[in-house]
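J.: Just so it is clear, I am handing over run-v6.cif, which has mmCIF, C-alpha atoms and all ligand atoms.
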data_structure
#
loop_
_atom_site.label_atom_id
_atom_site.label_comp_id
_atom_site.auth_asym_id
_atom_site.auth_seq_id
_atom_site.Cartn_x
_atom_site.Cartn_y
_atom_site.Cartn_z
CA MET A 1 124.22 121.37 122.91
CA ARG A 2 121.48 121.50 120.25
CA LYS A 3 123.49 119.20 117.96
CA MET A 4 124.06 116.77 120.82
CA LEU A 5 120.36 116.73 121.71
CA SER A 6 118.96 116.79 118.17
CA SER A 7 120.79 114.18 116.13
CA GLY A 8 119.08 111.33 114.26
CA VAL A 9 117.27 111.92 111.01
CA CYS A 10 115.15 109.40 109.14
CA THR A 11 116.78 109.45 105.71
CA SER A 12 114.61 106.72 104.17
CA THR A 13 113.18 107.61 100.77
CA VAL A 14 110.37 105.04 101.06
CA GLN A 15 107.02 106.23 99.70
CA LEU A 16 103.78 104.87 101.17
CA PRO A 17 100.98 104.92 98.60
CA GLY A 18 98.38 102.26 99.42
CA LYS A 19 99.66 101.93 102.98
CA VAL A 20 97.43 102.55 106.00
CA ALA A 21 98.74 104.03 109.26
CA VAL A 22 97.24 104.81 112.67
CA VAL A 23 98.96 107.34 114.94
CA THR A 24 97.65 107.81 118.48
CA GLY A 25 97.84 111.29 120.02
CA ALA A 26 98.32 112.78 116.56
CA ASN A 27 96.75 116.18 117.23
CA THR A 28 99.92 117.72 118.64
CA GLY A 29 103.63 117.29 119.37
CA ILE A 30 105.55 114.30 118.08
CA GLY A 31 102.40 112.45 116.94
CA LYS A 32 101.29 115.31 114.71
CA GLU A 33 104.68 115.50 113.00
CA THR A 34 104.80 111.72 112.60
CA ALA A 35 101.35 111.72 110.99
CA LYS A 36 102.30 114.62 108.71
CA GLU A 37 105.38 112.82 107.37
CA LEU A 38 103.47 109.59 106.79
CA ALA A 39 100.84 111.58 104.89
CA GLN A 40 103.57 113.39 102.95
CA ARG A 41 104.79 109.98 101.78
CA GLY A 42 101.31 109.06 100.52
CA ALA A 43 99.89 106.85 103.28
CA ARG A 44 96.27 106.97 104.40
CA VAL A 45 96.70 108.21 107.96
CA TYR A 46 94.24 107.91 110.83
CA LEU A 47 94.71 110.51 113.54
CA ALA A 48 93.48 108.72 116.66
CA CYS A 49 92.69 111.55 119.07
CA ARG A 50 90.61 112.02 122.20
CA ASP A 51 89.60 115.52 121.09
CA ILE A 52 87.97 115.31 117.67
CA GLN A 53 87.90 119.09 117.16
CA LYS A 54 91.65 119.41 117.73
CA GLY A 55 92.15 116.41 115.46
CA GLU A 56 90.05 117.88 112.63
CA LEU A 57 92.02 121.14 112.68
CA VAL A 58 95.28 119.21 112.40
CA ALA A 59 93.90 116.95 109.67
CA ARG A 60 92.96 120.01 107.57
CA GLU A 61 96.42 121.46 108.17
CA ILE A 62 98.15 118.23 107.09
CA GLN A 63 95.89 117.88 104.05
CA THR A 64 96.72 121.42 102.96
CA MET A 65 100.45 121.04 103.56
CA THR A 66 100.87 117.62 101.94
CA GLY A 67 98.11 117.62 99.33
CA ASN A 68 97.08 114.21 100.71
CA GLN A 69 93.33 114.16 101.40
CA GLN A 70 93.53 110.71 103.01
CA VAL A 71 94.04 112.08 106.51
CA LEU A 72 91.19 110.97 108.75
CA VAL A 73 90.30 111.70 112.35
CA ARG A 74 88.79 109.10 114.65
CA GLU A 75 87.96 109.38 118.33
CA LEU A 76 90.18 107.42 120.71
CA ASP A 77 90.41 108.01 124.44
CA LEU A 78 93.07 105.70 125.79
CA ALA A 79 91.82 106.39 129.32
CA ASP A 80 88.62 104.46 128.56
CA THR A 81 88.59 100.88 127.30
CA LYS A 82 85.08 101.40 125.87
CA SER A 83 86.45 104.13 123.63
CA ILE A 84 89.41 101.93 122.59
CA ARG A 85 87.08 99.06 121.73
CA ALA A 86 84.75 101.37 119.78
CA PHE A 87 87.68 102.85 117.85
CA ALA A 88 88.99 99.38 116.95
CA LYS A 89 85.53 98.07 115.99
CA ASP A 90 84.89 100.97 113.62
CA PHE A 91 88.40 100.85 112.19
CA LEU A 92 88.20 97.10 111.49
CA ALA A 93 84.83 97.57 109.79
CA GLU A 94 86.11 100.46 107.71
CA GLU A 95 89.62 99.39 106.67
CA LYS A 96 90.94 96.32 104.87
CA HIS A 97 94.55 96.89 105.96
CA LEU A 98 96.76 98.29 108.68
CA HIS A 99 100.46 98.51 107.89
CA ILE A 100 101.75 100.93 110.54
CA LEU A 101 100.51 101.40 114.10
CA ILE A 102 102.27 104.13 116.06
CA ASN A 103 101.42 104.00 119.76
CA ASN A 104 102.52 107.56 120.45
CA ALA A 105 100.02 109.20 122.81
CA GLY A 106 101.17 109.79 126.34
CA VAL A 107 100.70 111.63 129.60
CA MET A 108 103.44 112.69 131.98
CA MET A 109 103.44 113.68 135.65
CA CYS A 110 99.73 114.10 136.05
CA PRO A 111 98.35 114.26 139.60
CA TYR A 112 97.08 110.93 140.92
CA SER A 113 94.01 110.01 138.93
CA LYS A 114 92.38 106.97 137.41
CA THR A 115 91.08 106.03 134.00
CA ALA A 116 87.43 105.14 133.43
CA ASP A 117 88.35 101.52 134.22
CA GLY A 118 90.15 102.36 137.48
CA PHE A 119 93.74 102.12 136.21
CA GLU A 120 96.36 104.63 137.41
CA MET A 121 96.47 107.27 134.63
CA HIS A 122 100.09 106.80 133.42
CA MET A 123 99.93 103.02 133.40
CA GLY A 124 96.35 103.14 132.06
CA VAL A 125 96.94 105.47 129.11
CA ASN A 126 100.61 104.93 128.24
CA HIS A 127 100.73 101.15 128.66
CA LEU A 128 97.35 99.43 129.14
CA GLY A 129 95.47 101.58 126.62
CA HIS A 130 98.02 100.88 123.90
CA PHE A 131 98.27 97.22 124.93
CA LEU A 132 94.51 96.81 124.36
CA LEU A 133 94.53 98.82 121.14
CA THR A 134 97.37 96.71 119.71
CA HIS A 135 95.65 93.49 120.76
CA LEU A 136 92.43 94.53 119.02
CA LEU A 137 94.23 95.51 115.79
CA LEU A 138 96.69 92.61 115.71
CA GLU A 139 94.81 90.34 113.29
CA LYS A 140 94.54 93.22 110.81
CA LEU A 141 98.27 93.90 111.19
CA LYS A 142 99.00 90.22 110.54
CA GLU A 143 96.74 90.14 107.47
CA SER A 144 98.53 93.27 106.18
CA ALA A 145 102.08 91.96 106.78
CA PRO A 146 104.75 93.18 106.40
CA SER A 147 103.52 95.60 109.02
CA ARG A 148 104.92 97.35 112.06
CA VAL A 149 104.03 98.53 115.56
CA VAL A 150 106.07 101.40 117.00
CA ASN A 151 105.76 102.10 120.73
CA VAL A 152 106.93 105.53 121.85
CA SER A 153 108.72 105.02 125.16
CA SER A 154 111.40 107.18 126.78
CA LEU A 155 114.87 107.36 128.25
CA ALA A 156 112.91 107.87 131.46
CA HIS A 157 112.29 104.09 131.51
CA HIS A 158 115.71 103.79 133.18
CA LEU A 159 114.13 105.05 136.42
CA GLY A 160 111.08 102.81 136.01
CA ARG A 161 110.23 99.63 137.93
CA ILE A 162 107.23 97.34 137.55
CA HIS A 163 105.80 97.08 141.07
CA PHE A 164 103.26 94.32 140.55
CA HIS A 165 101.95 94.80 144.10
CA ASN A 166 101.28 98.50 143.39
CA LEU A 167 100.59 98.68 139.65
CA GLN A 168 97.74 101.17 140.19
CA GLY A 169 99.79 103.39 142.55
CA GLU A 170 97.37 102.86 145.41
CA LYS A 171 100.02 102.06 148.06
CA PHE A 172 102.40 104.87 147.07
CA TYR A 173 102.48 107.32 144.20
CA ASN A 174 104.98 109.70 142.68
CA ALA A 175 103.90 111.40 139.46
CA GLY A 176 107.40 111.46 137.94
CA LEU A 177 108.11 107.83 138.75
CA ALA A 178 104.65 106.74 137.61
CA TYR A 179 105.58 108.09 134.15
CA CYS A 180 108.90 106.21 134.24
CA HIS A 181 107.17 102.94 135.20
CA SER A 182 104.73 103.29 132.30
CA LYS A 183 107.57 103.95 129.85
CA LEU A 184 109.39 100.84 131.11
CA ALA A 185 106.13 98.96 130.50
CA ASN A 186 106.20 100.21 126.87
CA ILE A 187 109.60 98.57 126.32
CA LEU A 188 108.69 95.32 128.09
CA PHE A 189 105.51 95.15 125.99
CA THR A 190 107.52 95.70 122.80
CA GLN A 191 109.95 92.90 123.64
CA GLU A 192 107.26 90.40 124.59
CA LEU A 193 105.19 91.33 121.55
CA ALA A 194 108.24 90.83 119.32
CA ARG A 195 108.78 87.33 120.76
CA ARG A 196 105.13 86.42 120.22
CA LEU A 197 105.03 87.82 116.68
CA LYS A 198 108.09 85.98 115.38
CA GLY A 199 107.40 84.67 111.89
CA SER A 200 104.12 86.59 111.53
CA GLY A 201 105.52 89.39 109.34
CA VAL A 202 104.58 91.94 112.00
CA THR A 203 107.56 93.54 113.74
CA THR A 204 107.69 95.98 116.62
CA TYR A 205 110.10 98.57 117.99
CA SER A 206 110.27 100.90 120.97
CA VAL A 207 111.55 104.44 120.69
CA HIS A 208 113.02 107.25 122.74
CA PRO A 209 112.22 110.37 120.70
CA GLY A 210 114.72 112.63 122.49
CA THR A 211 113.96 115.60 124.69
CA VAL A 212 111.28 117.36 122.69
CA ASN A 213 109.56 120.72 123.00
CA SER A 214 105.93 119.62 123.23
CA GLU A 215 102.87 119.80 125.49
CA LEU A 216 104.02 116.73 127.44
CA VAL A 217 105.21 118.92 130.31
CA ARG A 218 101.76 120.51 130.76
CA HIS A 219 101.27 119.01 134.25
CA SER A 220 104.52 120.25 135.78
CA LEU A 221 105.25 123.92 136.25
CA PHE A 222 108.94 123.16 136.84
CA MET A 223 109.25 121.09 133.65
CA LYS A 224 107.32 123.74 131.71
CA TRP A 225 109.79 126.33 132.92
CA MET A 226 112.79 124.10 132.08
CA TRP A 227 111.41 123.36 128.62
CA TRP A 228 110.79 127.08 128.04
CA LEU A 229 114.26 128.02 129.26
CA PHE A 230 116.01 125.42 127.08
CA SER A 231 113.52 125.47 124.20
CA PHE A 232 116.20 126.59 121.78
CA PHE A 233 118.37 123.55 122.53
CA ILE A 234 115.89 120.69 122.78
CA LYS A 235 114.34 118.93 119.79
CA THR A 236 111.45 120.32 117.81
CA PRO A 237 108.49 117.92 117.46
CA LYS A 238 109.59 117.32 113.86
CA GLN A 239 113.02 116.23 115.08
CA GLY A 240 111.32 114.18 117.79
CA ALA A 241 109.30 112.31 115.16
CA GLN A 242 112.38 111.05 113.28
CA THR A 243 113.03 107.87 115.26
CA SER A 244 109.35 106.80 115.19
CA LEU A 245 109.38 107.34 111.42
CA TYR A 246 112.69 105.50 111.07
CA CYS A 247 111.25 102.45 112.85
CA ALA A 248 107.97 102.62 110.93
CA ILE A 249 109.35 102.81 107.39
CA THR A 250 113.04 101.93 107.10
CA GLU A 251 113.53 98.92 104.86
CA GLY A 252 115.31 95.87 106.29
CA LEU A 253 114.67 96.68 109.95
CA GLU A 254 112.88 93.35 110.51
CA ILE A 255 116.03 91.69 111.91
CA LEU A 256 115.95 94.22 114.76
CA ASN A 257 112.43 93.19 115.80
CA GLY A 258 111.85 94.14 119.47
CA HIS A 259 114.82 96.49 119.74
CA HIS A 260 114.81 99.96 121.30
CA PHE A 261 115.84 102.98 119.24
CA SER A 262 117.00 106.52 119.91
CA ASP A 263 118.28 109.05 117.35
CA CYS A 264 117.51 106.49 114.60
CA SER A 265 119.95 103.93 116.06
CA VAL A 266 119.62 100.93 118.35
CA ALA A 267 119.79 102.10 121.96
CA TRP A 268 120.66 100.48 125.25
CA VAL A 269 117.83 99.73 127.71
CA SER A 270 117.90 99.14 131.47
CA ALA A 271 118.38 95.69 133.02
CA GLN A 272 114.69 95.62 134.04
CA ALA A 273 113.68 96.34 130.46
CA ARG A 274 115.62 93.26 129.30
CA ASN A 275 114.06 90.95 131.88
CA GLU A 276 111.97 88.35 130.03
CA THR A 277 110.32 87.08 133.21
CA ILE A 278 109.02 90.56 134.06
CA ALA A 279 107.92 91.09 130.45
CA ARG A 280 105.93 87.83 130.43
CA ARG A 281 104.37 88.57 133.81
CA LEU A 282 103.44 92.12 132.77
CA TRP A 283 101.84 90.67 129.64
CA ASP A 284 99.74 88.23 131.68
CA VAL A 285 98.75 90.86 134.27
CA SER A 286 97.80 93.29 131.46
CA CYS A 287 95.60 90.62 129.82
CA ASP A 288 93.99 89.92 133.18
CA LEU A 289 93.26 93.61 133.88
CA LEU A 290 91.83 94.14 130.40
CA GLY A 291 89.82 90.93 130.23
CA ILE A 292 91.85 89.58 127.33
CA PRO A 293 92.09 85.76 127.21
CA MET A 294 95.65 84.59 127.99
CA ASP A 295 97.43 82.22 125.62
N1 LIG B 1 108.47 115.39 124.72
C1 LIG B 1 109.49 114.67 125.19
O1 LIG B 1 110.55 115.20 125.58
C2 LIG B 1 109.38 113.18 125.24
C3 LIG B 1 108.24 112.51 124.84
N2 LIG B 1 108.18 111.14 124.93
C4 LIG B 1 106.97 110.42 124.52
O2 LIG B 1 106.53 110.87 123.26
C5 LIG B 1 105.12 110.65 123.12
C6 LIG B 1 104.45 111.89 122.53
O3 LIG B 1 104.58 112.93 123.45
P1 LIG B 1 104.70 114.47 123.07
O4 LIG B 1 104.33 114.70 121.67
O5 LIG B 1 105.98 114.93 123.58
O6 LIG B 1 103.57 115.04 124.06
P2 LIG B 1 102.24 115.91 123.80
O7 LIG B 1 101.67 116.16 125.17
O8 LIG B 1 102.55 117.07 122.95
O9 LIG B 1 101.29 114.92 123.01
C7 LIG B 1 100.69 113.83 123.65
C8 LIG B 1 99.51 113.35 122.84
O10 LIG B 1 98.89 112.28 123.55
C9 LIG B 1 97.50 112.54 123.61
N3 LIG B 1 96.85 111.90 124.73
C10 LIG B 1 97.05 112.12 126.05
N4 LIG B 1 96.17 111.40 126.76
C11 LIG B 1 95.39 110.72 125.88
C12 LIG B 1 94.31 109.84 126.00
N5 LIG B 1 93.78 109.52 127.18
N6 LIG B 1 93.76 109.33 124.88
C13 LIG B 1 94.23 109.67 123.67
N7 LIG B 1 95.25 110.52 123.49
C14 LIG B 1 95.83 111.04 124.59
C15 LIG B 1 97.40 114.05 123.68
O11 LIG B 1 96.08 114.49 123.37
P3 LIG B 1 95.52 115.93 123.90
O12 LIG B 1 96.19 116.97 123.07
O13 LIG B 1 94.04 115.82 123.67
O14 LIG B 1 95.89 116.01 125.34
C16 LIG B 1 98.43 114.43 122.64
O15 LIG B 1 97.88 114.30 121.36
C17 LIG B 1 104.62 110.27 124.52
O16 LIG B 1 104.40 108.89 124.57
C18 LIG B 1 105.77 110.66 125.44
O17 LIG B 1 105.82 109.87 126.58
C19 LIG B 1 109.24 110.41 125.37
C20 LIG B 1 110.38 111.03 125.75
C21 LIG B 1 110.55 112.45 125.75
C1 LIG B 2 119.39 118.24 132.41
C2 LIG B 2 118.96 119.30 131.41
C3 LIG B 2 118.13 119.04 130.36
C4 LIG B 2 117.74 117.66 130.12
C5 LIG B 2 116.57 117.13 130.41
C6 LIG B 2 116.22 115.80 130.06
C7 LIG B 2 117.25 114.85 129.61
C8 LIG B 2 114.95 115.46 130.12
C9 LIG B 2 114.42 114.23 129.71
C10 LIG B 2 113.11 114.14 129.68
C11 LIG B 2 112.41 113.00 129.25
C12 LIG B 2 113.12 111.78 128.87
C13 LIG B 2 111.07 113.16 129.18
C14 LIG B 2 110.11 112.30 128.66
O1 LIG B 2 110.10 111.11 128.60
C15 LIG B 2 117.64 120.11 129.43
C16 LIG B 2 116.17 120.35 129.60
C17 LIG B 2 117.91 119.68 127.99
C18 LIG B 2 118.31 121.44 129.68
C19 LIG B 2 119.62 121.37 130.31
C20 LIG B 2 119.52 120.65 131.63
#
Would you encode the structure as structure tokens?
T.:
Amino acid sequence: MRKMLSSGVCTSTVQLPGKVAVVTGANTGIGKETAKELAQRGARVYLACRDIQKGELVAREIQTMTGNQQVLVRELDLADTKSIRAFAKDFLAEEKHLHILINNAGVMMCPYSKTADGFEMHMGVNHLGHFLLTHLLLEKLKESAPSRVVNVSSLAHHLGRIHFHNLQGEKFYNAGLAYCHSKLANILFTQELARRLKGSGVTTYSVHPGTVNSELVRHSLFMKWMWWLFSFFIKTPKQGAQTSLYCAITEGLEILNGHHFSDCSVAWVSAQARNETIARRLWDVSCDLLGIPMD
């Protein structure tokens, strides 16, 4: 069972000196392991975390383990557009380049709650927060091309639907489904972004990391119990980081711009996730909610 659930290893030997990467939610789980491997390969890595203290501890740990001192922590709360804008402003002032953006942070099955801007928490953090962050960093990514955006989605997107009449979960809400909807949004965003970025030198990919032993299940006692019971069989965070790394660094992946990956291979997505009309509409609605001018 472990072999079945844990396949897919990024075998690329690419080194990353001079490259700049941002990983959201890098203080724990899959994000931490992704950041560690990027640092190991010589990149300057920004750990974009909502809790600076947790981030600093992890940065020290990565610096010690990899010998790479270019591991920096910056505050980013994806549940607050002011924080996202402040992060982007400071980053753009500080850095000349951005080669790899890994939109990894996520929440799952949290009780109904809203972000600082009134968005339902799953949609707000997992989709809208990363949508805004990517938008704000896009010019830098273009100037740094070839560059990549990796969006960490999930197999759970198969159960997701974009209910435009209930995007903020105000009419009905189920914590499990809200997560699935936001993960579907990650894939639709990736596909629309890929279409819009054609010819720019920036490519984008969505990822299912596998079933990974991490803090993601913190809001559900049942899931915590399941994860504990099967912890020996499910992926470690290091194994869970492989597909994100594969999409971020593997040479020649540009022809697969916009594709979804699992276990370091192209993976099938649901019919909804392939629907260009929904993807375009979600893009427009996201711009509208975030006050981004539509093009
Ligand atoms: N684990 C699994 O089995 C699977 C995971 N995924 C996806 O993988 C990604 C990483 O999850 P995983 O490592 O498992 O989970 P973890 O809960 O271990 O890590 C999630 C990270 O996201 C951060 N985060 C949460 N909310 C915010 C916010 N408002 N602003 C900034 N950062 C935030 C967390 O910060 P903090 O520590 O401060 O809370 C943490 O660093 C997620 O997108 C998840 O949906 C997909 C499929 C399966
Ligand atoms: C049925 C089953 C399992 C599978 C769980 C799965 C497949 C969970 C997927 C979770 C996702 C995709 C979460 C985040 O996005 C376990 C726990 C391995 C143990 C054996 C029983």
J.: Can you tell me which residues surround Leu47 of chain A at a distance of at most 10 Å, considering all atoms listed in the file, apart from same-chain residues fewer than 4 positions away, and format the answer as a list in words?
T.: Ala21, Val22, Val23, Thr24, Gly25, Ala26, Asn27, Gly31, Lys32, Ala35, Lys36, Ile52, Gly55, Glu56, Val58, Ala59, Val71, Leu72, Val73, Arg74, Glu75 and Leu76 of chain A
J.: At a cut-off of 9 Å and counting only C-alpha atoms and all ligand atoms, what residues surround ligand LIG 2 (chain B)? Please answer as a PyMOL selection string.
T.: chain A and resi 1-2+5+108+153-157+179-180+183+208-212+216-217+223+226-231+233-235
J.: Write out as an MDAnalysis selection string each polymer residue whose atoms come within 10 Å of Thr34 of chain A, counting all atoms listed in the file; drop sequence neighbours fewer than 6 positions from it.
T.: chainID A and resid 23 26 28 40 45 102 104 237:245 248
J.: By how many Å are atom CA of Glu143 of chain A and atom CA of Arg196 of chain A apart?
T.: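 Answer for the atom CA of Glu143 of chain A to atom CA of Arg196 of chain A separation: 15.7 Å.
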J.: Excluding segment 198-201 of chain A and its own-chain neighbours fewer than 3 positions away, which residues fall within 6 Å of it when counting only C-alpha atoms? Please give them as number ranges by chain.
T.: A: 145-146, 195
J.: Write out the residues from the selection above, keeping C-alpha atoms, as a compact mmCIF listing (two decimals), keeping the file's coordinate frame.
T.:
# COMPACT_ATOMS: atom_id res chain seq x y z
CA ALA A 145 102.08 91.96 106.78
CA PRO A 146 104.75 93.18 106.40
CA ARG A 195 108.78 87.33 120.76
J.: In terms of the shortest atom-to-atom distance over only C-alpha atoms, which of A:His130, A:Lys54, A:Arg60, A:Lys224 is closest to Leu78 of chain A?
T.: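 Selected residue with least distance to Leu78 of chain A: A:His130.
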J.: Find, counting all atoms listed in the file, the residue in A:Gln191, A:Ser286, A:Thr134, A:Thr236 that gets nearest to Gln168 of chain A.
T.: A:Ser286
J.: For His219 of chain A, which of A:Pro17, A:Gly160, A:Gly124, A:Gly176 is the closest residue, counting all atoms listed in the file?
T.: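 The shortest atom-to-atom distance to His219 of chain A comes from A:Gly176.
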J.: Let me have the centre and edge lengths in Å, one decimal, of the box along x, y and z around every listed atom of ligand LIG 1 (chain B) with 4 Å of margin on each side, as JSON.
T.:
{"center_x": 102.2, "center_y": 113.0, "center_z": 124.3, "size_x": 24.8, "size_y": 16.2, "size_z": 13.8}
J.: If I take atom CA of His97 of chain A and atom CA of Lys140 of chain A, how far is one from the other in Å, to one decimal?
T.: 6.1 Å
J.: If you count only C-alpha atoms, which residues fall within 10 Å of Asn174 of chain A, apart from same-chain ones fewer than 5 positions away, as a list in words?
T.: Met109, Cys110, Pro111, Tyr112, Gly169, Tyr179 and Cys180 of chain A
J.: What's around His181 of chain A at 7 Å? Count all atoms listed in the file, leave out sequence neighbours fewer than 3 positions away in its own chain, and write the answer as number ranges by chain.
T.: A: 157, 160-162, 177-178, 184-185
J.: Which distance in Å separates atom O8 of ligand LIG 1 (chain B) and atom CA of Val152 of chain A, to one decimal?
T.: 12.4 Å
J.: Render segment 202-229 of chain A from the structure in the preceding block as a file of N, CA and C atoms, as an mmCIF file, in the first residue's frame.
T.:
data_model
loop_
_atom_site.group_PDB
_atom_site.id
_atom_site.type_symbol
_atom_site.label_atom_id
_atom_site.label_comp_id
_atom_site.auth_asym_id
_atom_site.auth_seq_id
_atom_site.Cartn_x
_atom_site.Cartn_y
_atom_site.Cartn_z
ATOM 1 N N VAL A 202 6.660 32.273 -19.202
ATOM 2 C CA VAL A 202 6.216 31.819 -17.877
ATOM 3 C C VAL A 202 5.261 30.646 -18.111
ATOM 4 N N THR A 203 5.509 29.539 -17.439
ATOM 5 C CA THR A 203 4.591 28.400 -17.563
ATOM 6 C C THR A 203 4.057 28.031 -16.188
ATOM 7 N N THR A 204 2.942 27.315 -16.182
ATOM 8 C CA THR A 204 2.283 27.014 -14.914
ATOM 9 C C THR A 204 1.721 25.599 -14.905
ATOM 10 N N TYR A 205 1.683 25.006 -13.738
ATOM 11 C CA TYR A 205 1.274 23.608 -13.570
ATOM 12 C C TYR A 205 0.475 23.489 -12.282
ATOM 13 N N SER A 206 -0.493 22.555 -12.270
ATOM 14 C CA SER A 206 -1.152 22.243 -11.007
ATOM 15 C C SER A 206 -0.736 20.838 -10.585
ATOM 16 N N VAL A 207 -0.845 20.604 -9.272
ATOM 17 C CA VAL A 207 -0.247 19.402 -8.698
ATOM 18 C C VAL A 207 -1.190 18.761 -7.686
ATOM 19 N N HIS A 208 -1.272 17.436 -7.717
ATOM 20 C CA HIS A 208 -1.791 16.689 -6.568
ATOM 21 C C HIS A 208 -0.579 16.043 -5.893
ATOM 22 N N PRO A 209 -0.314 16.404 -4.635
ATOM 23 C CA PRO A 209 0.926 15.907 -4.003
ATOM 24 C C PRO A 209 0.837 14.465 -3.504
ATOM 25 N N GLY A 210 -0.371 13.900 -3.503
ATOM 26 C CA GLY A 210 -0.566 12.577 -2.897
ATOM 27 C C GLY A 210 -1.231 12.757 -1.544
ATOM 28 N N THR A 211 -1.467 11.652 -0.872
ATOM 29 C CA THR A 211 -2.018 11.722 0.491
ATOM 30 C C THR A 211 -0.825 11.783 1.437
ATOM 31 N N VAL A 212 -0.708 12.912 2.124
ATOM 32 C CA VAL A 212 0.545 13.244 2.811
ATOM 33 C C VAL A 212 0.312 13.472 4.304
ATOM 34 N N ASN A 213 1.186 12.925 5.106
ATOM 35 C CA ASN A 213 1.104 13.080 6.556
ATOM 36 C C ASN A 213 1.576 14.484 6.946
ATOM 37 N N SER A 214 0.627 15.384 7.135
ATOM 38 C CA SER A 214 0.975 16.780 7.435
ATOM 39 C C SER A 214 -0.061 17.349 8.408
ATOM 40 N N GLU A 215 0.044 18.649 8.651
ATOM 41 C CA GLU A 215 -0.905 19.298 9.570
ATOM 42 C C GLU A 215 -2.211 19.701 8.884
ATOM 43 N N LEU A 216 -2.361 19.332 7.619
ATOM 44 C CA LEU A 216 -3.554 19.758 6.869
ATOM 45 C C LEU A 216 -4.851 19.296 7.525
ATOM 46 N N VAL A 217 -4.781 18.158 8.216
ATOM 47 C CA VAL A 217 -5.998 17.573 8.800
ATOM 48 C C VAL A 217 -6.342 18.168 10.172
ATOM 49 N N ARG A 218 -5.649 19.241 10.541
ATOM 50 C CA ARG A 218 -5.787 19.786 11.907
ATOM 51 C C ARG A 218 -7.221 20.123 12.312
ATOM 52 N N HIS A 219 -8.094 20.445 11.329
ATOM 53 C CA HIS A 219 -9.463 20.868 11.673
ATOM 54 C C HIS A 219 -10.458 19.718 11.791
ATOM 55 N N SER A 220 -10.034 18.507 11.463
ATOM 56 C CA SER A 220 -10.981 17.388 11.496
ATOM 57 C C SER A 220 -10.441 16.258 12.370
ATOM 58 N N LEU A 221 -11.155 15.988 13.438
ATOM 59 C CA LEU A 221 -10.735 14.931 14.359
ATOM 60 C C LEU A 221 -10.700 13.580 13.648
ATOM 61 N N PHE A 222 -11.714 13.351 12.789
ATOM 62 C CA PHE A 222 -11.798 12.084 12.067
ATOM 63 C C PHE A 222 -10.595 11.906 11.132
ATOM 64 N N MET A 223 -10.290 12.971 10.377
ATOM 65 C CA MET A 223 -9.154 12.904 9.440
ATOM 66 C C MET A 223 -7.844 12.749 10.208
ATOM 67 N N LYS A 224 -7.746 13.448 11.344
ATOM 68 C CA LYS A 224 -6.536 13.336 12.168
ATOM 69 C C LYS A 224 -6.340 11.885 12.567
ATOM 70 N N TRP A 225 -7.432 11.258 12.976
ATOM 71 C CA TRP A 225 -7.398 9.885 13.444
ATOM 72 C C TRP A 225 -7.014 8.948 12.290
ATOM 73 N N MET A 226 -7.631 9.192 11.119
ATOM 74 C CA MET A 226 -7.313 8.387 9.920
ATOM 75 C C MET A 226 -5.838 8.525 9.547
ATOM 76 N N TRP A 227 -5.379 9.761 9.557
ATOM 77 C CA TRP A 227 -3.979 10.039 9.175
ATOM 78 C C TRP A 227 -3.021 9.359 10.172
ATOM 79 N N TRP A 228 -3.401 9.398 11.454
ATOM 80 C CA TRP A 228 -2.574 8.769 12.481
ATOM 81 C C TRP A 228 -2.548 7.252 12.278
ATOM 82 N N LEU A 229 -3.751 6.698 12.029
ATOM 83 C CA LEU A 229 -3.879 5.250 11.876
ATOM 84 C C LEU A 229 -3.079 4.744 10.676
#
